[in-house]
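Listing of input31.cif; format and content: mmCIF, C-alpha atoms.
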```cif
data_run
#
loop_
_atom_site.label_atom_id
_atom_site.label_comp_id
_atom_site.auth_asym_id
_atom_site.auth_seq_id
_atom_site.Cartn_x
_atom_site.Cartn_y
_atom_site.Cartn_z
CA MET A 1 123.77 123.53 113.83
CA ASN A 2 125.92 122.13 116.62
CA LEU A 3 124.18 118.88 117.61
CA ASN A 4 125.70 118.69 121.08
CA ASN A 5 122.94 118.77 123.73
CA LYS A 6 120.26 119.17 121.07
CA THR A 7 117.03 117.20 121.55
CA VAL A 8 116.15 115.10 118.51
CA LEU A 9 112.95 113.13 117.92
CA LEU A 10 113.60 110.26 115.51
CA THR A 11 110.80 108.11 114.06
CA GLY A 12 111.47 104.67 112.63
CA ALA A 13 114.19 104.31 115.25
CA SER A 14 114.11 100.51 115.17
CA GLY A 15 114.82 100.31 111.42
CA GLY A 16 118.19 100.10 109.69
CA ILE A 17 118.67 103.78 108.91
CA GLY A 18 116.99 104.73 112.19
CA GLN A 19 119.36 102.69 114.33
CA ALA A 20 122.44 103.95 112.48
CA LEU A 21 121.19 107.54 112.68
CA ALA A 22 120.46 107.25 116.41
CA GLN A 23 124.02 106.05 116.99
CA ALA A 24 125.49 108.85 114.87
CA LEU A 25 123.42 111.53 116.63
CA ALA A 26 124.26 110.20 120.08
CA ARG A 27 127.98 110.25 119.25
CA LYS A 28 127.55 113.93 118.41
CA GLY A 29 126.16 114.55 121.89
CA ALA A 30 122.49 114.81 120.94
CA ARG A 31 119.70 113.61 123.21
CA VAL A 32 117.60 111.26 121.11
CA CYS A 33 113.95 110.42 121.63
CA LEU A 34 113.51 107.06 119.89
CA VAL A 35 110.04 106.74 118.37
CA GLY A 36 108.63 103.62 116.77
CA ARG A 37 106.44 100.53 117.00
CA ASN A 38 109.04 97.97 118.12
CA GLU A 39 109.59 98.59 121.82
CA GLN A 40 112.00 95.71 122.28
CA ALA A 41 114.27 96.84 119.45
CA MET A 42 114.24 100.44 120.67
CA THR A 43 115.06 99.40 124.24
CA LEU A 44 118.01 97.38 123.00
CA LEU A 45 119.13 100.30 120.85
CA GLN A 46 118.92 102.74 123.75
CA GLN A 47 121.09 100.45 125.87
CA HIS A 48 123.81 100.54 123.21
CA LEU A 49 123.80 104.30 122.66
CA PRO A 50 126.52 106.44 124.27
CA TYR A 51 125.19 107.61 127.67
CA PRO A 52 121.91 105.66 127.39
CA GLU A 53 120.36 107.54 130.31
CA ARG A 54 120.30 110.73 128.19
CA HIS A 55 117.96 109.15 125.65
CA SER A 56 114.29 108.16 125.81
CA ILE A 57 111.76 105.91 124.11
CA ALA A 58 108.25 106.70 122.89
CA LEU A 59 106.21 103.70 121.74
CA MET A 60 103.74 104.52 118.99
CA ARG A 61 101.44 101.60 118.29
CA SER A 62 99.39 103.27 115.57
CA TYR A 63 100.35 106.98 115.54
CA SER A 64 96.81 107.80 116.58
CA ASP A 65 95.79 111.40 117.30
CA GLU A 66 95.95 110.61 121.01
CA GLU A 67 99.45 109.14 120.74
CA ILE A 68 100.71 112.13 118.78
CA THR A 69 99.18 114.53 121.32
CA GLY A 70 100.80 112.58 124.13
CA LEU A 71 104.15 112.66 122.36
CA ALA A 72 103.91 116.42 121.94
CA ALA A 73 103.17 116.79 125.65
CA MET A 74 106.65 115.43 126.40
CA PHE A 75 108.07 118.72 125.17
CA SER A 76 107.06 121.68 127.30
CA GLY A 77 108.67 124.59 129.12
CA GLU A 78 112.44 124.43 128.76
CA ASN A 79 112.27 120.92 127.30
CA LYS A 80 111.98 122.11 123.71
CA LEU A 81 112.41 119.96 120.65
CA ASP A 82 115.30 121.07 118.46
CA ILE A 83 115.09 118.58 115.59
CA LEU A 84 112.26 116.41 114.26
CA ILE A 85 113.32 113.59 111.93
CA ASN A 86 110.52 111.85 110.00
CA ASN A 87 112.38 108.68 109.08
CA ALA A 88 109.81 105.87 109.40
CA GLY A 89 108.84 104.37 106.07
CA SER A 90 106.96 101.58 104.36
CA SER A 91 107.64 100.08 100.94
CA ARG A 92 106.08 97.36 98.79
CA PHE A 93 108.01 96.09 95.78
CA ALA A 94 105.32 94.72 93.50
CA LEU A 95 103.48 95.51 90.32
CA PHE A 96 100.60 97.85 91.06
CA GLU A 97 97.98 95.27 90.10
CA HIS A 98 99.44 92.88 92.67
CA GLN A 99 99.39 95.32 95.59
CA SER A 100 96.48 94.85 97.96
CA PHE A 101 94.34 97.70 99.19
CA ASP A 102 96.06 97.32 102.57
CA ASP A 103 99.50 97.54 100.93
CA ILE A 104 98.50 100.81 99.29
CA ARG A 105 96.91 102.25 102.43
CA GLU A 106 99.91 101.34 104.59
CA GLN A 107 102.39 103.11 102.32
CA ILE A 108 100.25 106.24 102.09
CA ARG A 109 99.64 106.20 105.84
CA THR A 110 103.27 105.64 106.87
CA ASN A 111 105.11 107.66 104.25
CA ILE A 112 103.07 110.86 104.07
CA GLU A 113 100.02 110.94 106.37
CA ILE A 114 101.88 110.15 109.60
CA PRO A 115 104.84 112.52 108.93
CA ALA A 116 102.42 115.34 108.11
CA LEU A 117 100.30 114.73 111.22
CA LEU A 118 103.36 114.32 113.44
CA THR A 119 104.93 117.51 112.12
CA ARG A 120 101.66 119.37 112.70
CA GLY A 121 101.36 118.01 116.23
CA LEU A 122 104.94 118.91 117.15
CA LEU A 123 105.37 122.14 115.22
CA GLU A 124 104.68 124.41 118.18
CA LYS A 125 107.19 122.43 120.24
CA ILE A 126 110.11 122.96 117.86
CA SER A 127 112.61 125.54 119.04
CA SER A 128 113.79 128.49 117.00
CA PRO A 129 116.19 127.87 115.40
CA GLY A 130 115.06 124.32 114.71
CA ILE A 131 115.04 121.68 111.99
CA VAL A 132 112.55 119.28 110.45
CA LEU A 133 114.27 116.52 108.44
CA ASN A 134 112.06 114.46 106.14
CA ILE A 135 113.53 111.29 104.65
CA GLY A 136 112.31 110.75 101.11
CA SER A 137 113.71 108.53 98.40
CA ILE A 138 115.35 108.82 95.02
CA PHE A 139 112.20 107.03 93.79
CA GLY A 140 110.27 110.11 94.83
CA GLU A 141 112.27 111.93 92.16
CA ILE A 142 111.84 109.28 89.45
CA GLY A 143 108.65 107.25 89.07
CA HIS A 144 109.86 103.65 88.94
CA PRO A 145 108.00 100.51 87.82
CA ALA A 146 107.00 98.19 90.71
CA TRP A 147 107.31 101.06 93.19
CA SER A 148 104.36 103.13 91.96
CA VAL A 149 102.73 103.86 95.33
CA TYR A 150 106.06 104.23 97.13
CA SER A 151 107.27 106.67 94.45
CA ALA A 152 104.04 108.66 94.76
CA THR A 153 104.27 108.94 98.55
CA LYS A 154 107.93 109.96 98.51
CA ALA A 155 107.22 112.54 95.80
CA ALA A 156 104.59 113.92 98.18
CA THR A 157 107.22 114.01 100.93
CA HIS A 158 109.44 116.11 98.68
CA ARG A 159 106.75 118.67 97.91
CA PHE A 160 105.51 118.74 101.49
CA SER A 161 109.06 119.52 102.63
CA GLU A 162 109.52 122.19 99.99
CA ALA A 163 106.22 123.93 100.73
CA LEU A 164 106.59 123.75 104.51
CA GLY A 165 110.15 125.04 104.37
CA ARG A 166 109.02 128.09 102.44
CA GLU A 167 106.13 128.61 104.85
CA LEU A 168 108.38 128.52 107.93
CA GLN A 169 111.12 130.84 106.65
CA ASP A 170 110.12 133.61 109.05
CA ARG A 171 110.15 131.27 112.07
CA ASP A 172 113.78 130.19 111.71
CA ILE A 173 112.80 126.55 111.25
CA THR A 174 114.70 124.86 108.43
CA VAL A 175 113.01 121.98 106.60
CA VAL A 176 115.54 119.53 105.18
CA TYR A 177 114.69 116.91 102.56
CA ALA A 178 116.99 113.96 101.86
CA ALA A 179 116.46 111.34 99.13
CA PRO A 180 118.53 108.19 99.74
CA ARG A 181 119.01 105.68 96.97
CA ALA A 182 118.76 101.92 97.66
CA THR A 183 119.88 101.29 101.23
CA GLU A 184 120.84 97.94 102.72
CA THR A 185 118.04 97.56 105.27
CA SER A 186 115.21 95.12 106.03
CA LEU A 187 112.82 97.55 104.34
CA ASN A 188 113.92 95.85 101.11
CA SER A 189 113.01 92.26 100.30
CA ASP A 190 115.32 89.60 98.87
CA ALA A 191 113.70 90.23 95.49
CA VAL A 192 114.81 93.89 95.63
CA TYR A 193 118.40 92.94 96.40
CA ALA A 194 118.37 90.38 93.59
CA LEU A 195 116.98 92.96 91.17
CA ASN A 196 119.62 95.52 92.14
CA ARG A 197 122.38 92.96 91.59
CA LYS A 198 120.93 92.00 88.22
CA LEU A 199 120.67 95.62 87.05
CA GLY A 200 123.91 96.76 88.67
CA ASN A 201 122.16 99.38 90.80
CA GLY A 202 124.25 101.06 93.48
CA SER A 203 123.32 100.97 97.16
CA ASP A 204 124.53 102.46 100.44
CA SER A 205 124.94 101.11 103.95
CA PRO A 206 122.79 102.53 106.75
CA ASN A 207 125.93 103.90 108.43
CA PHE A 208 126.89 105.82 105.28
CA VAL A 209 123.40 107.28 104.95
CA ALA A 210 123.31 108.20 108.64
CA ALA A 211 126.68 109.97 108.48
CA ARG A 212 125.56 112.03 105.50
CA LEU A 213 122.26 112.92 107.19
CA VAL A 214 124.14 114.18 110.23
CA GLN A 215 126.22 116.39 107.95
CA LEU A 216 123.04 117.79 106.39
CA LEU A 217 121.73 118.67 109.84
CA GLU A 218 124.98 120.34 110.85
CA LYS A 219 125.06 122.38 107.65
CA GLU A 220 121.26 122.84 107.53
CA GLN A 221 121.43 121.94 103.85
CA LYS A 222 117.86 121.98 102.56
CA ARG A 223 118.01 119.30 99.87
CA TYR A 224 120.21 116.33 99.13
CA ARG A 225 119.97 113.37 96.76
CA PHE A 226 122.22 110.34 97.22
CA GLY A 227 124.26 108.84 94.37
CA VAL A 228 126.08 110.57 91.51
CA MET A 229 124.38 108.59 88.75
CA GLU A 230 121.03 108.86 90.53
CA ARG A 231 121.31 112.65 90.68
CA PHE A 232 122.16 112.71 86.98
CA PHE A 233 119.19 110.47 86.22
CA VAL A 234 116.89 112.81 88.16
CA LYS A 235 118.01 115.74 86.03
CA VAL A 236 117.48 113.79 82.81
CA ASN A 237 114.03 112.77 84.02
CA ALA A 238 113.13 116.40 84.71
CA TRP A 239 114.22 117.70 81.34
CA PHE A 240 113.92 114.70 79.01
CA PRO A 241 111.49 112.19 80.58
CA ALA A 242 111.11 110.27 77.32
CA ILE A 243 114.74 109.17 77.64
CA VAL A 244 114.02 107.71 81.06
CA ASP A 245 110.85 106.11 79.69
CA ARG A 246 112.93 104.24 77.11
CA ALA A 247 115.71 103.33 79.56
CA LEU A 248 113.30 101.84 82.08
CA GLY A 249 111.25 100.28 79.29
CA LYS A 250 114.27 98.20 78.29
CA LYS A 251 114.63 97.01 81.88
CA LEU A 252 110.90 96.40 82.35
CA PRO A 253 110.91 92.63 81.59
CA VAL A 254 113.58 92.09 84.25
CA ILE A 255 111.75 94.30 86.75
CA GLN A 256 108.49 92.45 86.09
CA THR A 257 110.15 89.07 86.63
CA PHE A 258 111.51 90.01 90.04
CA ALA A 259 108.38 91.94 91.04
CA ARG A 260 106.24 88.87 90.37
CA SER A 261 108.40 86.72 92.62
CA LYS A 262 107.54 86.26 96.28
CA PHE A 263 108.49 89.33 98.30
CA THR A 264 108.45 90.33 101.96
CA GLY A 265 108.16 94.09 102.31
CA GLU A 266 108.80 95.19 105.88
CA ASP A 267 108.15 98.49 107.57
CA GLN A 268 111.00 100.45 109.16
#
```
Can you present the structure in this file as structure tokens?
Amino acid sequence: MNLNNKTVLLTGASGGIGQALAQALARKGARVCLVGRNEQAMTLLQQHLPYPERHSIALMRSYSDEEITGLAAMFSGENKLDILINNAGSSRFALFEHQSFDDIREQIRTNIEIPALLTRGLLEKISSPGIVLNIGSIFGEIGHPAWSVYSATKAATHRFSEALGRELQDRDITVVYAAPRATETSLNSDAVYALNRKLGNGSDSPNFVAARLVQLLEKEQKRYRFGVMERFFVKVNAWFPAIVDRALGKKLPVIQTFARSKFTGEDQ
């Protein structure tokens, strides 16, 4: 898909990946509707996008039914939506027994309930051909200690994308699923960065992730996992999960130490 003059709705626009992706899309000539909860950050972002007057902001305080309906109403007649990007996410790095009920609810709500509701509310507004891009995580491919709820919600994102893509084949709407590995954004706490350094885990910058996501949209590639070793690990986990059990079991004491330390999970 040629992104020039395409209308793109991007959730989580005020987060690290969201801001980098908005910049990358705008440089390609897309008109970006920035959607999120941080109006100040989105306003500042819009001002720094190429041709800021071509872009818009939609503040979503809670992603209520009324807010989603109002967002959908922005796209009518010739003002069709070409690409929907469900990028907003929430993560808590903690042992499951230390996650509060609110922590669990927030991750389920942000990572799978809201994207599903938003996609449903906007589906009739998406042009044909069109694209839905759902941002998952490599932890949705591999259940990882201290990210149990996050892993579960991102696994749901994967299957939702797969099922919806198959359902929409006859409508010329492509559903793309991308699974980034650790990304250097405020979604991760200091404890996560310390753990990654300790274990030697690779990570990517938001700009790198955004550039690759733009390529996926242009090629309409349906699935992509970030990281060579991560992709290999996913395959091993699918075929020989006991090997991954043992590998992560050896790292478990280190993971537990960092997971028990004070953390500050932030939403994108």
For this session: Identify all residues satisfying the PyMOL selection byres ((chain A and resi 199) around 12) in the given file; provide them as an NGL selection string.
Result: :A and (192-198 or 200-203 or 247-248 or 250-255 or 258)
Now that the selection is made, can you save its residues with C-alpha atoms as a short mmCIF file (atom, residue, chain, number, x, y, z; two decimals), in the frame of the given file?
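Dumped to part.cif:
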```
data_model
loop_
_atom_site.label_atom_id
_atom_site.label_comp_id
_atom_site.auth_asym_id
_atom_site.auth_seq_id
_atom_site.Cartn_x
_atom_site.Cartn_y
_atom_site.Cartn_z
CA VAL A 192 114.81 93.89 95.63
CA TYR A 193 118.40 92.94 96.40
CA ALA A 194 118.37 90.38 93.59
CA LEU A 195 116.98 92.96 91.17
CA ASN A 196 119.62 95.52 92.14
CA ARG A 197 122.38 92.96 91.59
CA LYS A 198 120.93 92.00 88.22
CA GLY A 200 123.91 96.76 88.67
CA ASN A 201 122.16 99.38 90.80
CA GLY A 202 124.25 101.06 93.48
CA SER A 203 123.32 100.97 97.16
CA ALA A 247 115.71 103.33 79.56
CA LEU A 248 113.30 101.84 82.08
CA LYS A 250 114.27 98.20 78.29
CA LYS A 251 114.63 97.01 81.88
CA LEU A 252 110.90 96.40 82.35
CA PRO A 253 110.91 92.63 81.59
CA VAL A 254 113.58 92.09 84.25
CA ILE A 255 111.75 94.30 86.75
CA PHE A 258 111.51 90.01 90.04
#
```
For this session: Kindly resolve the PyMOL selection byres ((chain A and resi 64) around 12) on the present coordinates and return the residues as a VMD selection string.
Result: chain A and resid 59 to 63 65 to 71 109 to 110 113 to 114 117 to 118 121
For this session: Return the single residue from A:Thr185, A:Asn207, A:Gln256, A:Asn237 that is closest to A:Gly16, with distances computed using only C-alpha atoms.
Result: A:Thr185
For this session: Fewer than 4 positions away in the same chain doesn't count, so skip those; otherwise give me all residues within 8 Å of A:Leu95, counting all atoms listed in the file, as a PyMOL selection string.
Result: chain A and resi 99+145-148+256+259-260
Problem set entry | Reference answer for the PyMOL selection byres ((chain A and resi 175) around 9), as a ChimeraX atom specification | /A:130-134,161-162,164-166,168,173-174,176-177,220-223
Could you please take those selected residues and save C-alpha atoms as a compact mmCIF listing (two decimals), in the coordinates of the input?
```
# COMPACT_ATOMS: atom_id res chain seq x y z
CA GLY A 130 115.06 124.32 114.71
CA ILE A 131 115.04 121.68 111.99
CA VAL A 132 112.55 119.28 110.45
CA LEU A 133 114.27 116.52 108.44
CA ASN A 134 112.06 114.46 106.14
CA SER A 161 109.06 119.52 102.63
CA GLU A 162 109.52 122.19 99.99
CA LEU A 164 106.59 123.75 104.51
CA GLY A 165 110.15 125.04 104.37
CA ARG A 166 109.02 128.09 102.44
CA LEU A 168 108.38 128.52 107.93
CA ILE A 173 112.80 126.55 111.25
CA THR A 174 114.70 124.86 108.43
CA VAL A 176 115.54 119.53 105.18
CA TYR A 177 114.69 116.91 102.56
CA GLU A 220 121.26 122.84 107.53
CA GLN A 221 121.43 121.94 103.85
CA LYS A 222 117.86 121.98 102.56
CA ARG A 223 118.01 119.30 99.87
```
Exercise. If you measure from atom CA of A:Thr153 to atom CA of A:Gln107, what distance in Å do you get, rounded to one decimal?
Worked result: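 Between atom CA of A:Thr153 and atom CA of A:Gln107 the gap works out to 7.2 Å.
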Problem set entry | Nearest-residue call for A:Met74, choices A:Leu122, A:Ile104, A:Val234, A:Leu187, using all atoms listed in the file | A:Leu122
For this session: Counting only C-alpha atoms, figure out which residue out of A:Cys33, A:Leu3, A:Leu123, A:Leu45 gets nearest to A:Gly15.
Result: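 Result for the nearest residue to A:Gly15: A:Leu45.
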Exercise. Which residue, A:Val236, A:Ala152, A:Ala210, A:Ala13, has the smallest gap to A:Arg27 when you use all atoms listed in the file?
Worked result: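 The shortest atom-to-atom distance to A:Arg27 comes from A:Ala210.
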For this session: Would you mind reading off the distance between atom CA of A:Glu218 and atom CA of A:Asn188, one decimal, in Å?
Result: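 Between atom CA of A:Glu218 and atom CA of A:Asn188 the gap works out to 28.6 Å.
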Problem set entry | Using all atoms listed in the file: which of A:Val32, A:Ile17, A:Ala211, A:Leu25 has the shortest distance to A:Gly89 | A:Ile17
For this session: Point out the residue among A:Ile126, A:Ile57, A:Ala73, A:Ile135 with the least atom-to-atom distance to A:Ala88, counting only C-alpha atoms.
Result: A:Ile135
For this session: In Å, rounded to a single decimal, give me how far atom CA of A:Phe139 is from atom CA of A:His98.
Result: 19.1 Å
Exercise. Is there a way to get, as a list in words, all residues within 9 Å of the point (125.5, 104.5, 117.0) in file coordinates, counting all atoms listed in the file?
Worked result: Gln19, Ala20, Leu21, Ala22, Gln23, Ala24, Leu25, Ala26, Arg27, Leu45, His48, Leu49, Pro50 and Asn207 of chain A
Output stretch 108-132 of chain A as an mmCIF file, in the frame of the given file, making sure N, CA, C and O atoms are there.
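File produced: out-v7.cif:
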```cif
data_model
loop_
_atom_site.group_PDB
_atom_site.id
_atom_site.type_symbol
_atom_site.label_atom_id
_atom_site.label_comp_id
_atom_site.auth_asym_id
_atom_site.auth_seq_id
_atom_site.Cartn_x
_atom_site.Cartn_y
_atom_site.Cartn_z
ATOM 1 N N ILE A 108 100.739 104.864 102.014
ATOM 2 C CA ILE A 108 100.250 106.240 102.090
ATOM 3 C C ILE A 108 100.225 106.713 103.535
ATOM 4 O O ILE A 108 100.653 107.830 103.854
ATOM 5 N N ARG A 109 99.741 105.858 104.423
ATOM 6 C CA ARG A 109 99.640 106.200 105.840
ATOM 7 C C ARG A 109 101.020 106.458 106.448
ATOM 8 O O ARG A 109 101.247 107.477 107.110
ATOM 9 N N THR A 110 101.962 105.551 106.215
ATOM 10 C CA THR A 110 103.270 105.640 106.870
ATOM 11 C C THR A 110 104.171 106.693 106.245
ATOM 12 O O THR A 110 104.892 107.395 106.963
ATOM 13 N N ASN A 111 104.121 106.825 104.935
ATOM 14 C CA ASN A 111 105.110 107.660 104.250
ATOM 15 C C ASN A 111 104.726 109.132 104.141
ATOM 16 O O ASN A 111 105.615 109.982 104.002
ATOM 17 N N ILE A 112 103.427 109.451 104.205
ATOM 18 C CA ILE A 112 103.070 110.860 104.070
ATOM 19 C C ILE A 112 102.046 111.312 105.115
ATOM 20 O O ILE A 112 102.184 112.394 105.699
ATOM 21 N N GLU A 113 101.037 110.489 105.412
ATOM 22 C CA GLU A 113 100.020 110.940 106.370
ATOM 23 C C GLU A 113 100.604 111.102 107.771
ATOM 24 O O GLU A 113 100.434 112.148 108.414
ATOM 25 N N ILE A 114 101.317 110.079 108.256
ATOM 26 C CA ILE A 114 101.880 110.150 109.600
ATOM 27 C C ILE A 114 102.923 111.270 109.725
ATOM 28 O O ILE A 114 102.873 112.052 110.692
ATOM 29 N N PRO A 115 103.886 111.398 108.802
ATOM 30 C CA PRO A 115 104.840 112.520 108.930
ATOM 31 C C PRO A 115 104.152 113.884 108.947
ATOM 32 O O PRO A 115 104.564 114.776 109.706
ATOM 33 N N ALA A 116 103.119 114.056 108.126
ATOM 34 C CA ALA A 116 102.420 115.340 108.110
ATOM 35 C C ALA A 116 101.704 115.593 109.433
ATOM 36 O O ALA A 116 101.782 116.692 110.001
ATOM 37 N N LEU A 117 101.008 114.575 109.955
ATOM 38 C CA LEU A 117 100.300 114.730 111.220
ATOM 39 C C LEU A 117 101.278 114.946 112.376
ATOM 40 O O LEU A 117 101.042 115.780 113.262
ATOM 41 N N LEU A 118 102.376 114.196 112.373
ATOM 42 C CA LEU A 118 103.360 114.320 113.440
ATOM 43 C C LEU A 118 104.009 115.697 113.427
ATOM 44 O O LEU A 118 104.192 116.331 114.482
ATOM 45 N N THR A 119 104.340 116.171 112.238
ATOM 46 C CA THR A 119 104.930 117.510 112.120
ATOM 47 C C THR A 119 103.943 118.567 112.602
ATOM 48 O O THR A 119 104.319 119.506 113.320
ATOM 49 N N ARG A 120 102.676 118.418 112.236
ATOM 50 C CA ARG A 120 101.660 119.370 112.700
ATOM 51 C C ARG A 120 101.531 119.332 114.219
ATOM 52 O O ARG A 120 101.449 120.372 114.879
ATOM 53 N N GLY A 121 101.524 118.127 114.790
ATOM 54 C CA GLY A 121 101.360 118.010 116.230
ATOM 55 C C GLY A 121 102.536 118.536 117.029
ATOM 56 O O GLY A 121 102.374 118.969 118.174
ATOM 57 N N LEU A 122 103.728 118.511 116.433
ATOM 58 C CA LEU A 122 104.940 118.910 117.150
ATOM 59 C C LEU A 122 105.456 120.288 116.757
ATOM 60 O O LEU A 122 106.412 120.775 117.360
ATOM 61 N N LEU A 123 104.826 120.903 115.771
ATOM 62 C CA LEU A 123 105.370 122.140 115.220
ATOM 63 C C LEU A 123 105.555 123.222 116.273
ATOM 64 O O LEU A 123 106.580 123.920 116.303
ATOM 65 N N GLU A 124 104.584 123.373 117.153
ATOM 66 C CA GLU A 124 104.680 124.410 118.180
ATOM 67 C C GLU A 124 105.723 124.081 119.249
ATOM 68 O O GLU A 124 106.074 124.941 120.069
ATOM 69 N N LYS A 125 106.201 122.841 119.254
ATOM 70 C CA LYS A 125 107.190 122.430 120.240
ATOM 71 C C LYS A 125 108.620 122.578 119.727
ATOM 72 O O LYS A 125 109.583 122.407 120.490
ATOM 73 N N ILE A 126 108.780 122.869 118.450
ATOM 74 C CA ILE A 126 110.110 122.960 117.860
ATOM 75 C C ILE A 126 110.711 124.322 118.170
ATOM 76 O O ILE A 126 110.084 125.365 117.973
ATOM 77 N N SER A 127 111.932 124.308 118.648
ATOM 78 C CA SER A 127 112.610 125.540 119.040
ATOM 79 C C SER A 127 112.980 126.366 117.811
ATOM 80 O O SER A 127 112.923 125.893 116.673
ATOM 81 N N SER A 128 113.346 127.594 118.066
ATOM 82 C CA SER A 128 113.790 128.490 117.000
ATOM 83 C C SER A 128 115.188 129.014 117.367
ATOM 84 O O SER A 128 115.315 129.712 118.366
ATOM 85 N N PRO A 129 116.220 128.645 116.635
ATOM 86 C CA PRO A 129 116.190 127.870 115.400
ATOM 87 C C PRO A 129 115.942 126.381 115.640
ATOM 88 O O PRO A 129 116.261 125.857 116.689
ATOM 89 N N GLY A 130 115.333 125.748 114.638
ATOM 90 C CA GLY A 130 115.060 124.320 114.710
ATOM 91 C C GLY A 130 115.074 123.721 113.316
ATOM 92 O O GLY A 130 115.175 124.434 112.315
ATOM 93 N N ILE A 131 114.967 122.387 113.273
ATOM 94 C CA ILE A 131 115.040 121.680 111.990
ATOM 95 C C ILE A 131 113.991 120.587 111.930
ATOM 96 O O ILE A 131 113.771 119.870 112.909
ATOM 97 N N VAL A 132 113.358 120.446 110.781
ATOM 98 C CA VAL A 132 112.550 119.280 110.450
ATOM 99 C C VAL A 132 113.253 118.573 109.290
ATOM 100 O O VAL A 132 113.482 119.183 108.245
#
```
